[in-house]
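Quick notes on the structure that follows.
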Amino acid sequence: MTSHVKNTLVTTAAIAGALAATTLFNTTTVKADTTSSAPVTTTTSATKDTAIASAQAKVNSASAAVVSAQAAYGSASTAASDAAAKTAAASASAAATSSAVANAQAAADSASAAKSTADANLASAQSTAAKTSAAKSSTSAAVVSAQSAVASASAKASDADSAVASAEAGQTVTANLMKSDDPTQASAAQQYFATKTAIVKLLPSGQVQITIPLTSGLKFLKEVSYNGVDATFTKTGDDSANITFTADPATSYTLAMTMDITSVMPFMPIMHEKALLAVDTTIFNGLLAAKSDADAALTSAQAALSTAKTNAATVAQVASNAASAATAAATVASDAAVVATSAATNLTSAQAANSTAQAALTSAQAAQSAADAVLATAKANLDSANAALTSAQAELKSAQNIMVVTPASSAASSASSAASSASSTDSSAASSASSAASSASSTDSSAASSASSAASSASSTDSSAASSASSTASSAGSAASSATNSAASAATATSNVASSASTTTVTSAVVATPATTKKATSSTPASSTTAKTLPQTGNENQSALVALGLAILTLGIYPMMKRKHA
């Protein structure tokens, strides 16, 4: 019976010890008051601190990189904006200079066309001026020629006039009275015409007036007629007179003469004799015709001269107008040439300005492309830095999420520390958590002490040992349960305090560590919100279970060792 009780006690102690060990060394996942539910790898406090410090350093470095990348991106963005503005300005300038080139080209083309027109007009005007000048010279020559013709005609007319005037004034010519029947024999009346001359005058009618000087015998010569027309006697003395008659120009004239010589010779009857007057009056033939021709020629020459002068005056006026037109055309052409030259110069300047503007535009576009490339690189660097910062923050959170579980006293200290950390938000809640942790620690000590006593009693007496061990196990279980509930309450209070004090969420794991522990430190990136202390939460009755498991394990092993040595 005693052996059966011992065996039962040993078996019970072994099972309790195994359960305590399992409770002690198995890993239990505990969730903090966060929105994350992923498990976190457990580790020691020192390792966690190292991981947090490393992650924090990465976060700080990544934050600095982000700040630097943001600064570079801002600078690149400003440079890109400036480059775009410069490109826009250069584009506007290039457009303006292109428009100026187009305007200058149009002006140059217009000026060139105007110059061509002016040059053509000048050439035409000069040609007209040359032609009219030649015509003027020709008409001037015609005037001179007409003037010469007039002079010649005038001279001829004058000569004709002089000849006619001389003929009209009368010219003394040889005149002989010959027998009419024998022109070779002198007439008996010749003696009375001693001068043997005649005065011949040209009449406007073309006839001639012939005057025969009767030097004597007027008393005997009673009458003289020609062609039945009596001659006129003009006494020049007592016995002299001029006998005048009119006839056509000829070389001889037959005169009928009546002689009465009875005064000296009474027995002589009155004589009717015909005598042939030999006188050449044809010397005036053609004078009037020549005068008429000369006068006509003079009139014609004068008319030609007048016409030539009129033509010359007209042509001279035309030539003068043409010369003036040529002068004006030359002025216009000169002005057009100046304008064309100026327009060409302006075009050259506009083209040069446009080339400069186009070069500036090309340079600005290249600068903008480079600035855009720099901006794209800066953006990529910023994105990479942000990604690195996010990764570092995730690593820091992962490190912060590691929870370290210690033996009971340490658990109490951790709970107290957690409560203290949360005291800034809710001091009363922290105090409650601290009291609960202290109660759990006291309960653990009592349970351990009871278990030791039970073990001692079991070693001295089998039955009393079994009973005491059973009782002690029951008491220890109750104490452990109480400690567990107290620790859970403390942990819950602590978790609620921490949850109200921080928005940071973590996932924690429980691990066995040496008795001495360090409070976990929480860090956040420089660019994130202010770091908060993470609370240590979970099922804190593990501290009591640790103590109970050790006691039961001791009770189970001790009898087995004793039986072995017995």
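To be explicit about the labels: the chains of the structure tokens are called A, B, and onward in the order shown, and within each one the residues are counted from 1, while ligands get numbers from 1 in the order they are shown.
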
For this session: Please provide as a PyMOL selection string all residues within 10 Å of range 380-394 of chain A, with the sequence filter that same-chain residues fewer than 3 positions apart are discarded (counting only C-alpha atoms).
Result: chain A and resi 54-73+374-377+397-400+523-528

For this session: Give me the residues within 9 Å of Ala175 in chain A as a ChimeraX atom specification, counting only C-alpha atoms and dropping any in the same chain fewer than 4 places off.
Result: /A:195-199,212,252,277-280

Can those selected residues be exported to a file as a short mmCIF file (atom, residue, chain, number, x, y, z; two decimals), in the first residue's frame so that it contains C-alpha atoms?
```cif
data_model
loop_
_atom_site.label_atom_id
_atom_site.label_comp_id
_atom_site.auth_asym_id
_atom_site.auth_seq_id
_atom_site.Cartn_x
_atom_site.Cartn_y
_atom_site.Cartn_z
CA THR A 195 21.17 158.20 -178.63
CA LYS A 196 20.20 154.89 -180.23
CA THR A 197 19.08 153.72 -176.86
CA ALA A 198 15.85 152.84 -175.17
CA ILE A 199 14.80 152.68 -171.54
CA ILE A 212 12.67 155.88 -176.89
CA SER A 252 12.10 143.94 -181.92
CA LEU A 277 12.75 149.15 -183.39
CA ALA A 278 15.43 146.64 -182.59
CA VAL A 279 15.59 146.42 -178.77
CA ASP A 280 15.96 143.35 -176.63
#
```

Problem set entry | Distance query Pro213 in chain A at most 7 Å, only C-alpha atoms, self and fewer than 5 positions along chain excluded, as a VMD selection string | chain A and resid 193 198 241 to 243

Pick out the residues sitting within 9 Å of Thr341 in chain A, and hand them over as a PDB file with C-alpha atoms, in the first residue's frame; count only C-alpha atoms, and ignore anything fewer than 3 positions along from it in its own chain.
```
ATOM      1  CA  ALA A 108      13.033  93.066 -98.182  1.00  0.00           C
ATOM      2  CA  ALA A 111      11.706  96.738-101.258  1.00  0.00           C
ATOM      3  CA  SER A 112      13.486  94.601-103.826  1.00  0.00           C
ATOM      4  CA  ALA A 336      14.290 102.362-103.518  1.00  0.00           C
ATOM      5  CA  ALA A 337      17.890 101.166-103.507  1.00  0.00           C
ATOM      6  CA  VAL A 338      18.418 102.749-100.091  1.00  0.00           C
ATOM      7  CA  ALA A 344      18.365  93.668 -96.590  1.00  0.00           C
ATOM      8  CA  THR A 345      20.389  94.872 -93.607  1.00  0.00           C
ATOM      9  CA  ASN A 346      17.356  94.518 -91.364  1.00  0.00           C
TER      10      ASN A 346
END
```

Problem set entry | Atomic separation - CA of Thr314 in chain A relative to CA of Gln302 in chain A, Å | 17.9 Å

Residues within 12 Å of range 146-151 of chain A, please, as an mmCIF file with C-alpha atoms, in the first residue's frame. Count only C-alpha atoms; anything in the same chain fewer than 4 positions from it doesn't count.
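selection-v9.cif, written as the output of this step:
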```
data_model
loop_
_atom_site.group_PDB
_atom_site.id
_atom_site.type_symbol
_atom_site.label_atom_id
_atom_site.label_comp_id
_atom_site.auth_asym_id
_atom_site.auth_seq_id
_atom_site.Cartn_x
_atom_site.Cartn_y
_atom_site.Cartn_z
ATOM 1 C CA SER A 138 16.750 116.343 -134.807
ATOM 2 C CA THR A 139 14.067 119.013 -134.629
ATOM 3 C CA SER A 140 16.658 121.538 -133.617
ATOM 4 C CA ALA A 141 18.659 120.535 -136.647
ATOM 5 C CA ALA A 142 15.475 120.789 -138.699
ATOM 6 C CA ALA A 155 18.325 135.677 -150.344
ATOM 7 C CA LYS A 156 16.935 134.383 -153.596
ATOM 8 C CA ALA A 157 13.765 136.275 -153.066
ATOM 9 C CA SER A 158 15.787 139.288 -152.273
ATOM 10 C CA ASP A 159 17.807 138.816 -155.426
ATOM 11 C CA ALA A 294 11.824 132.873 -154.727
ATOM 12 C CA ASP A 295 8.974 134.338 -152.827
ATOM 13 C CA ALA A 296 7.207 130.985 -152.776
ATOM 14 C CA ALA A 297 10.376 129.268 -151.720
ATOM 15 C CA LEU A 298 10.852 131.821 -149.037
ATOM 16 C CA THR A 299 7.300 131.367 -147.872
ATOM 17 C CA SER A 300 7.710 127.622 -147.892
ATOM 18 C CA ALA A 301 11.018 127.832 -146.073
ATOM 19 C CA GLN A 302 9.491 130.149 -143.582
ATOM 20 C CA ALA A 303 6.570 127.775 -143.109
ATOM 21 C CA ALA A 304 8.981 124.861 -142.752
ATOM 22 C CA LEU A 305 10.944 126.880 -140.283
ATOM 23 C CA SER A 306 7.829 127.653 -138.331
ATOM 24 C CA THR A 307 6.842 124.001 -138.373
ATOM 25 C CA ALA A 308 10.343 122.987 -137.417
ATOM 26 C CA LYS A 309 10.317 125.475 -134.612
ATOM 27 C CA THR A 310 6.931 124.228 -133.439
ATOM 28 C CA ASN A 311 8.075 120.636 -133.627
ATOM 29 C CA ALA A 312 11.318 121.510 -131.945
#
```

Exercise. With only C-alpha atoms as the atoms that count, which of A:Asn354, A:Ser91, A:Thr254, A:Thr331 lies nearest to Asp182 in chain A?
Worked result: A:Thr254

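Take the candidates A:Leu276, A:Val404, A:Ala326, A:Ala290 and check each one against Pro183 in chain A using only C-alpha atoms; the shortest distance goes to A:Leu276.
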
Long-range neighbours of Pro249 in chain A as a short mmCIF file (atom, residue, chain, number, x, y, z; two decimals) with C-alpha atoms, in the first residue's frame, 7 Å cut-off, only C-alpha atoms, 6 positions minimum in chain:
```
data_model
loop_
_atom_site.label_atom_id
_atom_site.label_comp_id
_atom_site.auth_asym_id
_atom_site.auth_seq_id
_atom_site.Cartn_x
_atom_site.Cartn_y
_atom_site.Cartn_z
CA GLN A 207 5.07 143.42 -169.94
CA VAL A 208 7.72 145.95 -170.55
CA THR A 281 13.47 143.52 -173.77
CA THR A 282 13.65 139.81 -173.04
CA ASN A 285 11.99 137.46 -168.96
#
```

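CA of Phe220 in chain A lies 15.1 Å from CA of Ala194 in chain A.
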